file query_22.txt (compact mmCIF, C-alpha atoms)
# COMPACT_ATOMS: atom_id res chain seq x y z
CA MET A 1 30.03 46.27 -43.87
CA LEU A 2 26.70 47.97 -43.22
CA PHE A 3 27.07 50.20 -46.27
CA TYR A 4 28.06 47.23 -48.42
CA SER A 5 25.06 45.17 -47.29
CA LEU A 6 22.68 48.10 -47.81
CA GLY A 7 24.17 48.72 -51.25
CA LEU A 8 23.82 45.08 -52.24
CA PHE A 9 20.23 45.03 -50.95
CA PHE A 10 19.21 48.10 -52.94
CA VAL A 11 20.91 46.77 -56.08
CA LEU A 12 18.94 43.53 -55.79
CA LEU A 13 15.76 45.48 -55.07
CA ALA A 14 16.25 47.76 -58.08
CA THR A 15 16.98 44.83 -60.39
CA ALA A 16 14.27 42.56 -58.95
CA PRO A 17 11.83 43.08 -61.89
CA TYR A 18 14.54 42.00 -64.33
CA TRP A 19 15.42 38.89 -62.33
CA LEU A 20 11.76 37.99 -61.82
CA LEU A 21 11.21 38.16 -65.57
CA ARG A 22 14.27 36.03 -66.19
CA MET A 23 13.04 33.47 -63.67
CA LEU A 24 9.68 33.30 -65.43
CA LEU A 25 11.32 32.80 -68.82
CA HIS A 26 14.30 30.61 -67.93
CA GLY A 27 14.42 27.74 -65.46
CA LYS A 28 18.13 28.22 -64.76
CA TYR A 29 17.36 31.44 -62.84
CA ARG A 30 14.83 29.66 -60.62
CA ALA A 31 17.10 26.73 -59.85
CA GLY A 32 18.35 26.68 -56.28
CA LEU A 33 16.60 29.91 -55.30
CA ALA A 34 15.72 28.69 -51.79
CA GLU A 35 19.33 27.61 -51.19
CA ARG A 36 20.64 30.95 -52.42
CA LEU A 37 18.29 32.68 -49.97
CA GLY A 38 19.51 30.74 -46.95
CA ARG A 39 17.73 27.39 -46.79
CA VAL A 40 20.55 24.98 -46.00
CA PRO A 41 19.68 21.69 -47.76
CA ARG A 42 18.82 18.93 -45.33
CA ARG A 43 20.52 16.39 -47.60
CA VAL A 44 23.84 18.16 -47.04
CA THR A 45 23.63 18.33 -43.25
CA ASP A 46 22.44 14.70 -43.15
CA ALA A 47 25.44 13.65 -45.23
CA LEU A 48 27.82 15.41 -42.84
CA GLN A 49 26.50 13.32 -39.92
CA GLY A 50 27.82 15.81 -37.39
CA ARG A 51 31.27 16.06 -38.98
CA ARG A 52 32.89 19.39 -39.68
CA ALA A 53 33.02 20.36 -43.34
CA ILE A 54 35.59 21.55 -45.81
CA TRP A 55 33.55 23.92 -47.98
CA VAL A 56 34.79 24.22 -51.58
CA HIS A 57 33.22 26.82 -53.87
CA ALA A 58 33.59 26.79 -57.67
CA VAL A 59 31.47 29.14 -59.77
CA SER A 60 30.77 26.99 -62.81
CA VAL A 61 31.92 24.08 -64.95
CA GLY A 62 35.47 25.22 -65.69
CA GLU A 63 36.30 26.09 -62.09
CA PHE A 64 34.71 22.89 -60.80
CA ILE A 65 36.64 20.68 -63.20
CA ALA A 66 39.88 22.38 -62.15
CA VAL A 67 39.32 21.77 -58.42
CA SER A 68 37.69 18.35 -58.68
CA GLY A 69 41.03 16.59 -58.18
CA VAL A 70 41.58 18.51 -54.95
CA VAL A 71 38.05 17.66 -53.78
CA GLN A 72 38.51 13.97 -54.55
CA ALA A 73 41.89 13.81 -52.82
CA LEU A 74 40.55 15.50 -49.68
CA GLN A 75 37.59 13.11 -49.56
CA GLN A 76 39.83 10.07 -49.86
CA ALA A 77 42.46 11.24 -47.40
CA HIS A 78 40.15 12.54 -44.69
CA PRO A 79 36.88 10.65 -44.28
CA GLU A 80 36.56 12.19 -40.81
CA MET A 81 35.76 15.47 -42.57
CA GLY A 82 32.85 16.10 -44.94
CA VAL A 83 33.82 17.84 -48.18
CA VAL A 84 30.89 19.87 -49.57
CA ILE A 85 30.78 21.81 -52.83
CA SER A 86 28.85 24.92 -53.85
CA THR A 87 28.45 26.31 -57.36
CA THR A 88 26.75 29.40 -58.72
CA THR A 89 25.53 28.17 -62.11
CA ARG A 90 23.10 25.39 -62.92
CA THR A 91 25.56 23.74 -65.33
CA GLY A 92 28.19 23.69 -62.60
CA GLN A 93 25.63 22.24 -60.21
CA ARG A 94 24.70 19.44 -62.60
CA LEU A 95 28.30 18.43 -63.21
CA ALA A 96 29.24 18.58 -59.53
CA ARG A 97 26.26 16.40 -58.59
CA SER A 98 27.06 13.90 -61.32
CA ARG A 99 30.65 13.61 -60.01
CA PHE A 100 30.11 13.76 -56.23
CA GLY A 101 26.41 13.11 -55.62
CA ASP A 102 23.47 15.34 -54.66
CA ALA A 103 24.16 15.11 -50.94
CA ARG A 104 27.45 17.02 -51.13
CA VAL A 105 26.46 19.80 -53.53
CA PHE A 106 24.39 22.99 -53.15
CA TYR A 107 23.93 26.45 -54.64
CA PHE A 108 26.16 29.25 -53.39
CA PRO A 109 24.24 31.60 -51.03
CA LEU A 110 23.78 35.33 -51.54
CA ASP A 111 26.33 37.54 -49.83
CA PHE A 112 24.19 38.67 -46.87
CA SER A 113 25.18 38.23 -43.23
CA TRP A 114 22.07 36.38 -42.06
CA ILE A 115 22.22 33.96 -45.00
CA LEU A 116 25.91 33.21 -44.64
CA LYS A 117 25.65 32.73 -40.87
CA ARG A 118 23.03 30.04 -41.40
CA TYR A 119 25.40 28.14 -43.68
CA LEU A 120 28.39 28.59 -41.40
CA ARG A 121 26.41 27.32 -38.39
CA ALA A 122 25.01 24.33 -40.30
CA LEU A 123 28.21 23.28 -42.06
CA ARG A 124 30.70 24.22 -39.30
CA PRO A 125 33.49 24.41 -41.91
CA ALA A 126 37.06 23.92 -40.82
CA MET A 127 38.11 25.66 -44.01
CA LEU A 128 36.57 27.61 -46.90
CA VAL A 129 38.26 26.94 -50.25
CA LEU A 130 37.49 29.40 -53.06
CA ALA A 131 38.35 28.68 -56.70
CA GLU A 132 40.11 31.35 -58.77
CA THR A 133 38.63 34.79 -57.89
CA GLU A 134 35.27 34.07 -56.26
CA MET A 135 35.76 36.39 -53.28
CA TRP A 136 32.74 38.18 -51.78
CA PRO A 137 33.19 40.82 -49.04
CA ARG A 138 30.58 39.59 -46.55
CA LEU A 139 31.62 35.98 -47.12
CA LEU A 140 35.23 36.82 -46.29
CA TYR A 141 34.21 38.91 -43.28
CA GLU A 142 31.81 36.40 -41.69
CA THR A 143 34.02 33.38 -42.39
CA HIS A 144 37.09 35.05 -40.88
CA ARG A 145 35.02 36.28 -37.92
CA ALA A 146 34.03 32.66 -37.24
CA GLY A 147 37.71 31.67 -37.04
CA ILE A 148 37.67 29.69 -40.27
CA SER A 149 40.65 29.53 -42.63
CA ILE A 150 40.00 30.97 -46.12
CA VAL A 151 42.14 29.73 -48.99
CA VAL A 152 41.96 30.81 -52.63
CA ILE A 153 43.16 28.01 -54.90
CA ASN A 154 44.04 28.22 -58.59
CA GLY A 155 43.94 31.95 -58.01
CA ARG A 156 44.05 34.35 -60.92
CA ILE A 157 43.21 37.97 -61.68
CA SER A 158 41.92 38.47 -65.23
CA ASP A 159 42.79 41.39 -67.47
CA ARG A 160 39.20 42.57 -67.15
CA SER A 161 39.11 42.41 -63.34
CA LEU A 162 42.53 43.93 -62.63
CA PRO A 163 41.64 47.60 -63.34
CA ARG A 164 38.49 47.40 -61.19
CA TYR A 165 40.31 45.84 -58.25
CA ARG A 166 43.09 48.42 -58.51
CA LEU A 167 40.60 51.29 -58.62
CA LEU A 168 38.86 50.00 -55.47
CA ARG A 169 42.02 48.76 -53.77
CA TRP A 170 41.38 50.95 -50.71
CA LEU A 171 37.90 49.42 -50.34
CA TRP A 172 39.00 45.80 -50.77
CA ARG A 173 42.13 45.94 -48.60
CA PRO A 174 40.32 45.16 -45.28
CA PHE A 175 38.80 42.06 -46.88
CA TRP A 176 42.06 40.82 -48.37
CA SER A 177 43.45 40.74 -44.83
CA LYS A 178 40.93 37.99 -44.01
CA LEU A 179 42.57 35.57 -46.49
CA THR A 180 44.72 32.81 -45.00
CA ARG A 181 46.42 31.84 -48.27
CA VAL A 182 46.19 32.73 -51.94
CA LEU A 183 47.59 29.96 -54.15
CA ALA A 184 48.20 31.64 -57.51
CA GLN A 185 48.35 30.00 -60.94
CA SER A 186 51.44 31.90 -62.09
CA GLU A 187 54.06 34.44 -61.05
CA GLU A 188 52.13 37.13 -62.93
CA ASP A 189 48.92 36.25 -61.08
CA GLY A 190 50.82 36.38 -57.79
CA GLN A 191 52.08 39.85 -58.69
CA ARG A 192 48.55 40.93 -59.61
CA PHE A 193 47.18 39.79 -56.25
CA ALA A 194 49.90 41.82 -54.54
CA ALA A 195 49.12 44.82 -56.78
CA ILE A 196 45.48 44.90 -55.67
CA GLY A 197 46.41 44.84 -51.99
CA VAL A 198 46.53 41.17 -50.96
CA PRO A 199 49.27 40.82 -48.29
CA SER A 200 52.37 39.41 -49.95
CA ASP A 201 53.04 36.96 -47.10
CA VAL A 202 49.85 34.98 -47.89
CA ILE A 203 50.52 34.68 -51.64
CA GLU A 204 52.16 31.51 -52.95
CA VAL A 205 52.58 30.43 -56.59
CA VAL A 206 51.78 26.72 -56.99
CA GLY A 207 50.75 26.46 -60.65
CA ASN A 208 47.55 25.89 -62.59
CA LEU A 209 45.30 23.03 -61.46
CA LYS A 210 43.96 22.68 -64.99
CA TYR A 211 47.24 21.08 -66.04
CA ASP A 212 46.37 18.18 -63.73
CA VAL A 213 42.90 17.48 -65.12
CA ARG A 214 42.85 14.15 -66.95
CA ALA A 215 39.77 13.40 -69.04
CA ALA A 216 38.71 9.83 -69.76
CA GLN A 217 39.41 8.82 -73.37
CA ASN A 218 36.93 5.97 -73.52
CA MET A 219 33.52 7.16 -72.38
CA GLU A 220 30.33 5.73 -73.88
CA ILE A 221 29.96 8.77 -76.16
CA THR A 222 33.48 8.38 -77.59
CA ARG A 223 33.05 4.63 -78.14
CA ARG A 224 29.84 5.17 -80.08
CA LEU A 225 31.17 8.08 -82.08
CA ARG A 226 34.28 6.17 -83.16
CA ALA A 227 32.09 3.37 -84.42
CA ALA A 228 29.87 5.81 -86.33
CA LEU A 229 32.55 7.87 -88.09
CA PRO A 230 33.26 7.40 -91.79
CA ALA A 231 36.35 5.38 -92.71
CA ASN A 232 39.50 7.54 -92.61
CA ALA A 233 37.49 10.45 -91.27
CA LYS A 234 39.03 13.79 -90.36
CA VAL A 235 37.34 15.18 -87.25
CA LEU A 236 37.14 18.83 -86.27
CA VAL A 237 36.01 19.23 -82.66
CA ALA A 238 34.85 22.79 -81.95
CA GLY A 239 34.34 23.10 -78.20
CA SER A 240 32.87 25.70 -75.85
CA THR A 241 31.65 27.89 -78.69
CA LEU A 242 29.78 31.13 -78.06
CA GLU A 243 27.20 33.07 -80.03
CA GLY A 244 28.72 34.37 -83.25
CA GLU A 245 31.42 31.72 -83.41
CA GLU A 246 29.26 28.91 -84.77
CA SER A 247 28.51 30.85 -87.98
CA MET A 248 32.21 31.52 -88.58
CA LEU A 249 33.09 27.89 -87.87
CA LEU A 250 30.35 26.57 -90.15
CA ASP A 251 31.54 28.83 -92.98
CA ALA A 252 35.03 27.39 -92.60
CA PHE A 253 33.76 23.83 -92.21
CA GLU A 254 31.56 23.95 -95.30
CA HIS A 255 34.45 25.33 -97.32
CA GLU A 256 36.84 22.63 -96.11
CA SER A 257 34.37 19.74 -96.36
CA ARG A 258 34.28 20.36 -100.13
CA GLN A 259 38.05 19.91 -100.26
CA ILE A 260 38.69 17.24 -97.63
CA PRO A 261 36.67 14.03 -98.04
CA GLY A 262 35.37 12.50 -94.83
CA LEU A 263 35.51 15.69 -92.77
CA VAL A 264 33.09 15.68 -89.81
CA LEU A 265 32.44 18.50 -87.35
CA ILE A 266 31.63 17.84 -83.69
CA LEU A 267 30.19 21.11 -82.38
CA ALA A 268 29.82 21.72 -78.63
CA PRO A 269 28.24 25.07 -77.62
CA ARG A 270 29.38 26.37 -74.25
CA HIS A 271 25.96 27.06 -72.73
CA PRO A 272 23.08 24.53 -72.63
CA GLU A 273 20.46 27.25 -73.15
CA ARG A 274 21.90 27.77 -76.64
CA PHE A 275 21.66 24.15 -77.79
CA ASP A 276 18.31 24.68 -79.52
CA ALA A 277 19.46 27.92 -81.14
CA VAL A 278 22.52 26.21 -82.62
CA ALA A 279 20.35 23.33 -83.86
CA SER A 280 18.12 25.91 -85.58
CA LEU A 281 21.19 27.50 -87.16
CA LEU A 282 22.23 24.12 -88.60
CA GLU A 283 18.71 23.60 -89.97
CA ARG A 284 18.66 27.03 -91.63
CA ARG A 285 21.96 26.25 -93.33
CA ASN A 286 20.55 22.93 -94.60
CA LEU A 287 23.40 21.00 -93.03
CA LEU A 288 23.09 17.31 -92.30
CA PHE A 289 23.44 16.99 -88.52
CA ALA A 290 22.67 14.79 -85.54
CA ARG A 291 21.95 15.86 -81.96
CA ARG A 292 23.67 13.85 -79.28
CA SER A 293 20.53 13.91 -77.09
CA VAL A 294 18.56 12.11 -79.83
CA TRP A 295 21.30 10.18 -81.59
CA MET A 296 22.47 8.27 -78.48
CA ASP A 297 19.09 6.52 -78.29
CA ALA A 298 19.59 5.03 -81.76
CA PRO A 299 23.13 5.69 -83.09
CA LYS A 300 23.55 5.79 -86.85
CA PRO A 301 26.63 6.25 -89.03
CA LEU A 302 27.74 9.86 -89.45
CA ALA A 303 27.97 10.97 -93.07
CA PRO A 304 31.01 12.81 -94.46
CA GLY A 305 30.40 16.55 -94.32
CA SER A 306 27.92 16.23 -91.45
CA VAL A 307 27.79 17.92 -88.05
CA PHE A 308 27.37 16.22 -84.69
CA LEU A 309 25.86 18.62 -82.13
CA LEU A 310 27.18 17.70 -78.70
CA ASP A 311 24.28 19.04 -76.63
CA SER A 312 25.51 17.69 -73.29
CA ILE A 313 27.56 18.74 -70.26
CA GLY A 314 30.73 17.00 -69.10
CA GLU A 315 31.58 15.02 -72.25
CA LEU A 316 33.51 17.55 -74.33
CA ALA A 317 36.90 16.99 -72.69
CA SER A 318 36.77 13.30 -73.58
CA VAL A 319 35.48 13.94 -77.10
CA TYR A 320 38.57 16.08 -77.80
CA ALA A 321 40.50 12.79 -77.83
CA MET A 322 38.84 12.00 -81.19
CA ALA A 323 39.87 15.25 -82.87
CA SER A 324 42.16 15.55 -85.87
CA VAL A 325 42.11 19.28 -85.06
CA ALA A 326 40.46 21.07 -82.13
CA PHE A 327 39.09 24.60 -82.06
CA VAL A 328 38.64 26.03 -78.56
CA GLY A 329 35.85 28.59 -78.37
CA GLY A 330 35.25 31.91 -76.68
CA SER A 331 38.28 33.13 -78.61
CA LEU A 332 36.96 34.37 -81.97
CA VAL A 333 34.69 36.74 -80.06
CA PRO A 334 35.97 38.98 -77.23
CA ALA A 335 35.12 36.62 -74.36
CA GLY A 336 38.63 35.68 -73.21
CA GLY A 337 38.75 32.11 -74.49
CA HIS A 338 38.25 28.71 -72.88
CA ASN A 339 40.61 25.95 -71.84
CA PRO A 340 43.12 24.78 -74.51
CA LEU A 341 44.50 22.17 -72.11
CA GLU A 342 41.51 19.89 -72.71
CA PRO A 343 42.68 18.98 -76.24
CA ALA A 344 46.36 19.42 -75.36
CA GLN A 345 46.25 16.44 -73.00
CA PHE A 346 45.48 14.20 -75.99
CA GLY A 347 48.20 15.63 -78.22
CA VAL A 348 45.65 17.24 -80.55
CA PRO A 349 46.61 20.25 -82.74
CA ILE A 350 44.82 23.32 -81.39
CA ILE A 351 43.35 26.42 -83.04
CA MET A 352 42.23 29.43 -81.03
CA GLY A 353 41.09 32.91 -81.98
CA PRO A 354 42.87 36.08 -80.84
CA HIS A 355 40.91 36.55 -77.58
CA THR A 356 42.63 34.27 -75.07
CA GLN A 357 43.30 36.45 -72.02
CA ASN A 358 41.41 34.12 -69.65
CA PHE A 359 44.17 31.56 -70.23
CA ARG A 360 47.03 34.00 -70.55
CA GLY A 361 49.67 31.83 -68.82
CA VAL A 362 48.61 28.65 -70.57
CA MET A 363 48.66 30.32 -73.98
CA GLU A 364 52.10 31.78 -73.33
CA ALA A 365 53.44 28.32 -72.51
CA LEU A 366 51.86 26.83 -75.64
CA MET A 367 52.97 29.64 -77.94
CA VAL A 368 56.57 29.55 -76.73
CA ASP A 369 56.73 25.94 -77.93
CA ASN A 370 54.74 26.64 -81.13
CA ALA A 371 52.05 24.30 -79.80
CA VAL A 372 48.94 26.28 -80.78
CA ALA A 373 47.72 28.08 -83.91
CA VAL A 374 46.05 31.47 -83.49
CA ALA A 375 43.55 32.33 -86.24
CA MET A 376 41.64 35.49 -87.05
CA PRO A 377 38.07 35.14 -88.35
CA GLU A 378 39.20 35.99 -91.88
CA ASN A 379 41.85 33.23 -92.05
CA LEU A 380 40.10 30.58 -89.96
CA ALA A 381 39.37 28.33 -92.96
CA GLN A 382 42.97 28.52 -94.19
CA THR A 383 44.38 27.77 -90.72
CA LEU A 384 42.04 24.82 -90.39
CA HIS A 385 42.98 23.56 -93.86
CA ASP A 386 46.70 23.78 -93.13
CA LEU A 387 46.39 21.73 -89.93
CA LEU A 388 44.10 19.12 -91.48
CA ILE A 389 46.43 18.34 -94.38
CA SER A 390 49.87 19.01 -92.89
CA PRO A 391 51.93 16.15 -91.42
CA ARG A 392 53.43 18.77 -89.08
CA ALA A 393 50.11 19.04 -87.26
CA ALA A 394 50.92 15.86 -85.35
CA GLU A 395 54.17 17.44 -84.18
CA MET A 396 52.25 20.50 -82.97
CA GLY A 397 49.90 18.25 -81.03
CA LEU A 398 52.84 16.41 -79.46
CA ARG A 399 54.34 19.72 -78.36
CA ALA A 400 51.03 20.70 -76.77
CA TYR A 401 50.97 17.40 -74.89
CA THR A 402 54.54 17.98 -73.71
CA VAL A 403 53.61 21.42 -72.35
CA PHE A 404 50.62 19.88 -70.57
CA GLU A 405 52.77 17.21 -68.91
CA GLN A 406 55.62 19.55 -67.96
CA GLN A 407 53.31 21.96 -66.14
CA ALA A 408 51.55 19.31 -64.02
CA GLY A 409 51.83 19.07 -60.24
CA ALA A 410 49.70 21.98 -58.95
CA THR A 411 47.21 19.61 -57.30
CA GLU A 412 49.89 18.03 -55.12
CA ARG A 413 51.30 21.43 -54.14
CA THR A 414 47.82 22.78 -53.39
CA LEU A 415 46.97 19.79 -51.20
CA ALA A 416 50.20 20.18 -49.27
CA VAL A 417 49.22 23.74 -48.30
CA LEU A 418 45.62 22.84 -47.42
CA GLU A 419 46.64 19.88 -45.29
CA SER A 420 49.33 21.91 -43.52
CA LEU A 421 46.73 24.53 -42.57
CA LEU A 422 44.25 21.92 -41.37
CA GLN A 423 46.94 20.20 -39.32
CA THR A 424 47.91 23.54 -37.77
CA LYS A 425 44.29 24.01 -36.75
CA GLY A 426 44.46 20.59 -35.11
CA PHE A 427 41.40 19.07 -36.77
CA PHE A 428 42.98 15.76 -37.64
CA THR A 429 46.19 13.92 -38.30
CA VAL A 430 47.26 14.40 -41.91
CA GLN A 431 47.41 11.34 -44.11
CA ARG A 432 48.91 12.01 -47.51
CA SER A 433 47.25 10.50 -50.57
CA ASN A 434 48.31 9.81 -54.12
CA THR A 435 46.84 12.62 -56.23
CA ARG A 436 48.21 11.78 -59.64

call {"tool": "encode", "arguments": {"input": "query_22.txt", "output": "structure tokens"}}
result
Amino acid sequence: MLFYSLGLFFVLLATAPYWLLRMLLHGKYRAGLAERLGRVPRRVTDALQGRRAIWVHAVSVGEFIAVSGVVQALQQAHPEMGVVISTTTRTGQRLARSRFGDARVFYFPLDFSWILKRYLRALRPAMLVLAETEMWPRLLYETHRAGISIVVINGRISDRSLPRYRLLRWLWRPFWSKLTRVLAQSEEDGQRFAAIGVPSDVIEVVGNLKYDVRAAQNMEITRRLRAALPANAKVLVAGSTLEGEESMLLDAFEHESRQIPGLVLILAPRHPERFDAVASLLERRNLLFARRSVWMDAPKPLAPGSVFLLDSIGELASVYAMASVAFVGGSLVPAGGHNPLEPAQFGVPIIMGPHTQNFRGVMEALMVDNAVAVAMPENLAQTLHDLLISPRAAEMGLRAYTVFEQQAGATERTLAVLESLLQTKGFFTVQRSNTR
């Protein structure tokens, strides 16, 4: 552990000029700095009121949304415990605070012994719950040393991470032994955890929590947008887009808007720091568009052929309910893709690009049932056109919804494991709750 801590320290020292510059230029790198460096927020300890905590960590928005049902169920079932949530990114922090309040949410601390010990002493967690693959060596070591159960939920090993973990399997093996349970998304993920050295007796396949996420269909944004759309409008919702994708999507949209009357594009970039850049792109292309952040103050009708820029966090999943066709971003560029289940839950026909390895299991389930269309950049416009005009598109959307419903239940199975472990520790008497 000494060599790891020294290595981490020197890496941070060597990269300090870069991070200082980023902090000067971008507020997101300054956010939560004191908490990351070991200042346990007073609001969090005050909210605990002397109770032991269940500490849940989710890196960013996607991971937080996936585990939010587990967090809510634990809060409802066990008020004698305080459930607290940490995130790494500012967008994850904002969404977590909007859902569960400032007092329960804080920034994830740096992986140094003295910082982590401060949090462990202040929070006195009965359990540490880590979403997906957020496993840090010192965190695992210090938490296990304190006698605290460590559970990975919605666990997965990405195609990108697998070779690195395998190469350093000998180095990671002592840390994997600290894990109490690893609840994997799929059989393949379970096999991957075993392949990198996680003890097989702690691995359990319970399914993907993202199949259990239910977005509200009737938020304020969706009510206002429905009222503002042209009569008989066709709506393309392009969600979680990354740099490079917006240009390809706008090319396809402009081509199709000349052929399909009433077509409107709702465009939702993945990262808030790119909202202004995408707005500038729309201006340079002389497209008629409205920004959600301005439009909501004085909603006006949306013209056919126009673009609505959804420059907000936490509303996209609900806006997918309005789509005639949904494009899910991060997939036309080699970023691994984002969550196709968000539109699938509304029975919406889905288009994704070829880069979907982040949702490998989900895509396999959808493709087996012909419930998703995969488009290359060069045939994106044609794929979009086919789904917008074909009566079969509705059948594709229905198949996607069926896949979504059939795969549900991971939240209940995850809770059963967590509650069994807490009961074994003797912290409280388990009271089951309705999680669906």

call {"tool": "residues_around", "arguments": {"input": "query_22.txt", "residues": "Thr45 (chain A)", "least_positions_apart": "5", "cutoff": "9 Å", "atoms": "only C-alpha atoms", "output": "PyMOL selection string"}}
result
chain A and resi 40+50+103-104+122-123

call {"tool": "closest_residue", "arguments": {"input": "query_22.txt", "among": "A:Thr356, A:Ser390, A:Thr143, A:Thr133", "to": "Asp111 (chain A)", "atoms": "only C-alpha atoms"}}
result
A:Thr143

call {"tool": "atom_distance", "arguments": {"input": "query_22.txt", "atom1": "CA of Ser240 (chain A)", "atom2": "CA of Pro163 (chain A)"}}
result
26.7 Å

call {"tool": "atom_distance", "arguments": {"input": "query_22.txt", "atom1": "CA of Lys425 (chain A)", "atom2": "CA of Ser113 (chain A)"}}
result
24.7 Å

call {"tool": "closest_residue", "arguments": {"input": "query_22.txt", "among": "A:Ser200, A:Ser247, A:Ser186, A:Ser177", "to": "Ala279 (chain A)", "atoms": "all atoms listed in the file"}}
result
A:Ser247

call {"tool": "closest_residue", "arguments": {"input": "query_22.txt", "among": "A:Leu265, A:Val84, A:Arg99, A:Arg118", "to": "Leu37 (chain A)", "atoms": "all atoms listed in the file"}}
result
A:Arg118

call {"tool": "closest_atom_pairs", "arguments": {"input": "query_22.txt", "of": "region 175-240 of chain A", "to": "region 64-73 of chain A", "cutoff": "8 Å", "atoms": "all atoms listed in the file", "output": "tab-separated table"}}
result
residue	atom	partner	partner_atom	distance
A:Leu209	CA	A:Ala66	CA	5.5
A:Lys210	CA	A:Ala66	CA	5.0
A:Asp212	CA	A:Gly69	CA	7.9
A:Val213	CA	A:Ala66	CA	6.5

call {"tool": "closest_residue", "arguments": {"input": "query_22.txt", "among": "A:Asn379, A:Asn218, A:Gln345, A:Ser257", "to": "Tyr401 (chain A)", "atoms": "only C-alpha atoms"}}
result
A:Gln345

call {"tool": "atom_distance", "arguments": {"input": "query_22.txt", "atom1": "CA of Pro125 (chain A)", "atom2": "CA of Ala410 (chain A)"}}
result
23.6 Å

call {"tool": "closest_residue", "arguments": {"input": "query_22.txt", "among": "A:Ser331, A:Ser324, A:Ser306, A:Gln406", "to": "Leu288 (chain A)", "atoms": "all atoms listed in the file"}}
result
A:Ser306

call {"tool": "closest_residue", "arguments": {"input": "query_22.txt", "among": "A:Glu134, A:Asp159, A:Asp251, A:Glu35", "to": "Tyr107 (chain A)", "atoms": "only C-alpha atoms"}}
result
A:Glu35

call {"tool": "residues_around", "arguments": {"input": "query_22.txt", "residues": "Ala408 (chain A)", "least_positions_apart": "3", "cutoff": "7 Å", "atoms": "only C-alpha atoms", "output": "mmCIF file with C-alpha atoms, in the frame of the given file"}}
result
data_model
loop_
_atom_site.group_PDB
_atom_site.id
_atom_site.type_symbol
_atom_site.label_atom_id
_atom_site.label_comp_id
_atom_site.auth_asym_id
_atom_site.auth_seq_id
_atom_site.Cartn_x
_atom_site.Cartn_y
_atom_site.Cartn_z
ATOM 1 C CA TYR A 211 47.240 21.080 -66.040
ATOM 2 C CA ASP A 212 46.370 18.180 -63.730
ATOM 3 C CA PHE A 404 50.620 19.880 -70.570
ATOM 4 C CA GLU A 405 52.770 17.210 -68.910
#

call {"tool": "residues_near_point", "arguments": {"input": "query_22.txt", "point": "(37.3, 18.9, -97.3)", "cutoff": "12 Å", "atoms": "all atoms listed in the file", "output": "list in words"}}
result
Ala233, Lys234, Val235, Leu236, Ala252, Phe253, Glu254, His255, Glu256, Ser257, Arg258, Gln259, Ile260, Pro261, Gly262, Leu263, Val264, Leu265, Pro304, Gly305, Ser306, Ala381, Gln382, Leu384, His385, Asp386, Leu388 and Ile389 of chain A
